[in-house]
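What's in structure.pdb: PDB, C-alpha atoms
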```pdb
ATOM      1  CA  MET A 130     -17.868  24.839   2.456
ATOM      2  CA  SER A 131     -15.540  21.962   3.314
ATOM      3  CA  THR A 132     -13.382  21.579   6.371
ATOM      4  CA  PRO A 133      -9.644  21.111   5.675
ATOM      5  CA  GLY A 134      -8.606  17.477   6.019
ATOM      6  CA  LEU A 135     -12.183  16.180   5.794
ATOM      7  CA  ASP A 136     -12.408  16.049   2.002
ATOM      8  CA  PRO A 137     -13.988  12.670   1.142
ATOM      9  CA  ALA A 138     -11.665  12.374  -1.865
ATOM     10  CA  SER A 139      -8.573  12.806   0.340
ATOM     11  CA  PRO A 140      -6.060   9.932   0.120
ATOM     12  CA  LEU A 141      -5.656  10.217   3.919
ATOM     13  CA  LYS A 142      -9.255   9.314   4.663
ATOM     14  CA  LEU A 143     -11.347   6.183   4.640
ATOM     15  CA  GLN A 144     -15.146   6.477   4.351
ATOM     16  CA  PHE A 145     -16.055   4.142   7.212
ATOM     17  CA  PRO A 146     -12.838   3.077   8.970
ATOM     18  CA  GLN A 147     -12.783   0.278  11.486
ATOM     19  CA  SER A 148      -9.931  -0.597  13.814
ATOM     20  CA  LEU A 149      -8.107  -3.711  12.713
ATOM     21  CA  ALA A 150      -5.353  -3.781  15.335
ATOM     22  CA  VAL A 151      -3.285  -1.544  17.618
ATOM     23  CA  TYR A 152       0.482  -2.018  17.914
ATOM     24  CA  ASP A 153       3.128  -0.666  20.274
ATOM     25  CA  ASP A 154       5.576   0.073  17.474
ATOM     26  CA  TYR A 155       5.435   1.085  13.836
ATOM     27  CA  ALA A 156       7.439  -1.938  12.648
ATOM     28  CA  ARG A 157       4.723  -4.364  13.793
ATOM     29  CA  ALA A 158       1.966  -2.290  12.150
ATOM     30  CA  GLN A 159       4.006  -2.143   8.948
ATOM     31  CA  LYS A 160       4.608  -5.902   9.096
ATOM     32  CA  ALA A 161       0.854  -6.538   9.346
ATOM     33  CA  VAL A 162       0.107  -4.298   6.351
ATOM     34  CA  ASP A 163       2.949  -5.879   4.370
ATOM     35  CA  PHE A 164       1.560  -9.333   5.164
ATOM     36  CA  LEU A 165      -1.846  -8.241   3.868
ATOM     37  CA  ALA A 166      -0.229  -6.825   0.723
ATOM     38  CA  ASP A 167       1.519 -10.152   0.112
ATOM     39  CA  ALA A 168      -1.889 -11.856   0.416
ATOM     40  CA  ASP A 169      -3.302  -9.624  -2.372
ATOM     41  CA  PHE A 170      -5.477  -7.672   0.056
ATOM     42  CA  PRO A 171      -6.491  -4.228  -1.310
ATOM     43  CA  VAL A 172      -4.047  -2.284   0.872
ATOM     44  CA  ASP A 173      -5.376   1.033  -0.432
ATOM     45  CA  GLN A 174      -8.239   0.300   1.990
ATOM     46  CA  LEU A 175      -5.872   0.481   5.005
ATOM     47  CA  MET A 176      -4.334   3.261   7.069
ATOM     48  CA  ILE A 177      -1.666   3.259   9.753
ATOM     49  CA  VAL A 178      -2.402   5.994  12.277
ATOM     50  CA  GLY A 179       0.018   7.042  14.991
ATOM     51  CA  THR A 180      -1.890   7.760  18.196
ATOM     52  CA  ASP A 181      -1.118   8.869  21.761
ATOM     53  CA  LEU A 182       1.329  11.499  20.576
ATOM     54  CA  LYS A 183       4.177  12.690  22.782
ATOM     55  CA  ARG A 184       6.453  15.673  22.332
ATOM     56  CA  ILE A 185      10.016  14.747  23.204
ATOM     57  CA  GLU A 186      12.629  17.435  23.702
ATOM     58  CA  ARG A 187      16.251  16.355  24.011
ATOM     59  CA  VAL A 188      18.435  19.002  25.608
ATOM     60  CA  THR A 189      21.686  19.143  23.654
ATOM     61  CA  GLY A 190      23.659  21.794  25.508
ATOM     62  CA  ARG A 191      23.867  25.053  27.384
ATOM     63  CA  LEU A 192      23.608  28.332  25.497
ATOM     64  CA  THR A 193      26.118  31.083  26.200
ATOM     65  CA  TRP A 194      26.709  34.488  24.641
ATOM     66  CA  SER A 195      29.775  33.117  22.838
ATOM     67  CA  LYS A 196      27.876  30.121  21.376
ATOM     68  CA  ILE A 197      25.108  32.426  20.196
ATOM     69  CA  ALA A 198      27.660  34.798  18.663
ATOM     70  CA  VAL A 199      29.508  32.025  16.814
ATOM     71  CA  GLY A 200      26.251  30.501  15.559
ATOM     72  CA  GLY A 201      24.967  33.868  14.336
ATOM     73  CA  LEU A 202      28.297  34.683  12.714
ATOM     74  CA  LEU A 203      28.448  31.366  10.842
ATOM     75  CA  SER A 204      24.838  31.428   9.657
ATOM     76  CA  GLY A 205      25.243  35.035   8.521
ATOM     77  CA  LEU A 206      28.501  34.165   6.776
ATOM     78  CA  TRP A 207      26.801  31.320   4.909
ATOM     79  CA  LEU A 208      23.933  33.584   3.862
ATOM     80  CA  GLY A 209      26.372  36.289   2.757
ATOM     81  CA  VAL A 210      28.373  33.875   0.600
ATOM     82  CA  PHE A 211      25.164  32.554  -0.967
ATOM     83  CA  ILE A 212      23.929  36.054  -1.796
ATOM     84  CA  GLY A 213      27.425  36.956  -3.042
ATOM     85  CA  LEU A 214      27.369  34.043  -5.475
ATOM     86  CA  ILE A 215      24.053  35.241  -6.848
ATOM     87  CA  PHE A 216      25.305  38.844  -7.129
ATOM     88  CA  ALA A 217      28.474  37.651  -8.835
ATOM     89  CA  LEU A 218      26.387  36.276 -11.689
ATOM     90  CA  PHE A 219      24.963  39.723 -12.469
ATOM     91  CA  THR A 220      27.853  42.090 -11.829
ATOM     92  CA  GLU A 221      31.012  43.045 -13.599
ATOM     93  CA  GLU A 222      32.961  43.425 -10.348
ATOM     94  CA  GLY A 223      35.493  40.782  -9.401
ATOM     95  CA  VAL A 224      33.885  37.624  -8.046
ATOM     96  CA  TRP A 225      36.160  37.527  -4.991
ATOM     97  CA  GLN A 226      35.460  41.149  -4.153
ATOM     98  CA  VAL A 227      31.688  40.553  -4.254
ATOM     99  CA  LEU A 228      31.990  37.331  -2.220
ATOM    100  CA  VAL A 229      34.169  38.885   0.483
ATOM    101  CA  THR A 230      31.967  41.975   0.767
ATOM    102  CA  THR A 231      28.692  40.041   1.032
ATOM    103  CA  ALA A 232      30.271  37.459   3.377
ATOM    104  CA  VAL A 233      31.447  40.194   5.780
ATOM    105  CA  MET A 234      28.080  41.952   5.619
ATOM    106  CA  GLY A 235      26.217  38.666   6.155
ATOM    107  CA  ALA A 236      28.431  37.641   9.076
ATOM    108  CA  THR A 237      27.946  41.027  10.726
ATOM    109  CA  PHE A 238      24.181  40.921  10.212
ATOM    110  CA  GLY A 239      23.978  37.319  11.518
ATOM    111  CA  LEU A 240      26.054  38.162  14.591
ATOM    112  CA  VAL A 241      24.017  41.228  15.512
ATOM    113  CA  TRP A 242      20.666  39.568  14.808
ATOM    114  CA  ALA A 243      21.539  36.466  16.899
ATOM    115  CA  LEU A 244      22.763  38.533  19.850
ATOM    116  CA  ILE A 245      19.681  40.761  19.804
ATOM    117  CA  GLY A 246      17.401  37.733  19.617
ATOM    118  CA  TYR A 247      19.178  36.060  22.524
ATOM    119  CA  ALA A 248      19.051  39.249  24.580
ATOM    120  CA  PHE A 249      15.268  39.345  24.203
ATOM    121  CA  THR A 250      14.940  35.883  25.820
ATOM    122  CA  ARG A 251      16.300  37.387  29.072
ATOM    123  CA  GLY A 252      17.805  34.073  30.140
ATOM    124  CA  GLN A 253      14.505  32.189  30.082
ATOM    125  CA  ARG A 254      15.863  29.590  27.671
ATOM    126  CA  ASP A 255      19.591  29.100  28.157
ATOM    127  CA  PHE A 256      19.794  25.713  26.477
ATOM    128  CA  SER A 257      19.636  24.236  22.996
ATOM    129  CA  SER A 258      17.495  21.232  22.151
ATOM    130  CA  VAL A 259      15.948  19.151  19.420
ATOM    131  CA  THR A 260      12.246  18.328  19.481
ATOM    132  CA  GLN A 261      10.324  15.465  17.970
ATOM    133  CA  VAL A 262       6.689  14.375  18.095
ATOM    134  CA  VAL A 263       6.329  10.590  18.305
ATOM    135  CA  ALA A 264       3.410   8.194  18.500
ATOM    136  CA  THR A 265       3.275   5.621  21.287
ATOM    137  CA  LYS A 266       0.685   3.425  19.560
ATOM    138  CA  TYR A 267       0.020   2.626  15.909
ATOM    139  CA  GLU A 268      -3.491   1.681  14.884
ATOM    140  CA  VAL A 269      -4.202  -0.060  11.596
ATOM    141  CA  LEU A 270      -7.581   0.995  10.234
ATOM    142  CA  VAL A 271      -9.449  -0.777   7.475
ATOM    143  CA  GLU A 272     -12.476   0.218   5.421
ATOM    144  CA  ASN A 273     -15.406  -1.546   7.119
ATOM    145  CA  LYS A 274     -16.425  -3.543   4.032
ATOM    146  CA  HIS A 275     -12.971  -5.232   4.048
ATOM    147  CA  ALA A 276     -12.589  -5.678   7.836
ATOM    148  CA  ALA A 277     -13.691  -9.321   8.062
ATOM    149  CA  ARG A 278     -11.323 -10.439   5.286
ATOM    150  CA  ALA A 279      -8.433  -8.448   6.793
ATOM    151  CA  ARG A 280      -8.946 -10.076  10.216
ATOM    152  CA  GLU A 281      -9.182 -13.507   8.604
ATOM    153  CA  LEU A 282      -5.925 -12.984   6.702
ATOM    154  CA  LEU A 283      -4.088 -11.524   9.689
ATOM    155  CA  ALA A 284      -5.043 -14.549  11.775
ATOM    156  CA  GLY A 285      -2.528 -16.443   9.632
ATOM    157  CA  LEU A 286       0.347 -14.217  10.728
ATOM    158  CA  PRO A 287       1.651 -15.290  14.159
ATOM    159  CA  GLY A 288       1.575 -12.356  16.561
ATOM    160  CA  ALA A 289      -0.055 -10.037  14.021
ATOM    161  CA  LEU A 290      -3.154  -9.379  16.081
ATOM    162  CA  PRO A 291      -2.374  -8.188  19.603
ATOM    163  CA  ASP A 292      -3.666 -10.321  22.478
ATOM    164  CA  PRO A 293      -6.923  -8.619  23.547
ATOM    165  CA  PHE A 294      -6.551 -10.104  27.076
ATOM    166  CA  ALA A 295      -2.997  -8.879  27.687
TER     167      ALA A 295
END
```

Go through the file and emit its structure as structure tokens.
Amino acid sequence: MSTPGLDPASPLKLQFPQSLAVYDDYARAQKAVDFLADADFPVDQLMIVGTDLKRIERVTGRLTWSKIAVGGLLSGLWLGVFIGLIFALFTEEGVWQVLVTTAVMGATFGLVWALIGYAFTRGQRDFSSVTQVVATKYEVLVENKHAARARELLAGLPGALPDPFA
């Protein structure tokens, strides 16, 4: 029985990876790999791994009953129109009649569903936000049998290998 993500044939796995360099930003890691590619290094023996992950949540606004209602109404309206378009393909009723009926039903459903969902939060999350997971370091790994050549090639790129004494 194999563990997910540990399949030796996986394209996201090296057999015996060795750290080549660690960078503070993705652009520098990408530049190092691109430099190796330009030098005809077998780049399929490299990986860029984002490490030291952080979850960043940017608060975008305050939630109110009216904002929830408008959001629910609009998302329900959109869903109703979409379903109405599908129904219109298979019915002999007038297209506009089907669209209006499903749009009203969708808007009503979206409004009620959004308000009920918000009521269940009991004010514990009265803000909207967007969330992103970002890496703070980017490590370039190389298959161990190619590590010496990769280091030798990268030595020719100024600033490619971070200063180990910094």

Atom CA of A:Gln174 to atom CA of A:Leu143: how many Å, to one decimal?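 Interatomic distance here is 7.2 Å.
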
Ground truth for the PyMOL selection byres ((chain A and resi 146) around 7), written as an MDAnalysis selection string: chainID A and resid 143:145 147:148 270:273

Evaluate the PyMOL selection byres ((chain A and resi 286) around 12) here and jot the selected residues down as JSON, numbers by chain. {"A": [157, 160, 161, 162, 163, 164, 165, 167, 168, 279, 280, 281, 282, 283, 284, 285, 287, 288, 289, 290, 291]}

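Across A:Val269, A:Val227, A:Leu203, A:Ala156, the tightest approach to A:Ala243 is made by A:Leu203 when counting only C-alpha atoms.
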
To verify the selection step, state as a PyMOL selection string which residues the PyMOL selection byres ((chain A and resi 239) around 10) yields on this input. chain A and resi 198-209+233-238+240-245

What does the structure give for the distance between atom CA of A:Asp181 and atom CA of A:Ala264, in Å to one decimal?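 These atoms are spaced 5.6 Å apart.
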
Counting all atoms listed in the file, which residue out of A:Leu192, A:Gln253, A:His275, A:Ala232 sits closest to A:Asp173? A:His275

Could you put an axis-aligned box around every listed atom of stretch 143-151 of chain A, padded by 5 Å on each side, and send me its centre and edge lengths in Å to one decimal, as AutoDock Vina command-line options?
```
--center_x -9.7 --center_y 1.3 --center_z 11.0 --size_x 22.8 --size_y 20.3 --size_z 23.3
```

For A:Val172, the nearest of the candidates A:Val188, A:Val229, A:Ala276, A:Ile212, counting only C-alpha atoms: A:Ala276

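Taking all atoms listed in the file into account, A:Asp154 lies nearest to A:Ile177 out of the set A:Ile215, A:Ile177, A:Ala166, A:Gly223.
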
Considering only C-alpha atoms, can you say which of A:Leu141, A:Ala277, A:Leu175, A:Val259 comes closest to A:Gly190? A:Val259
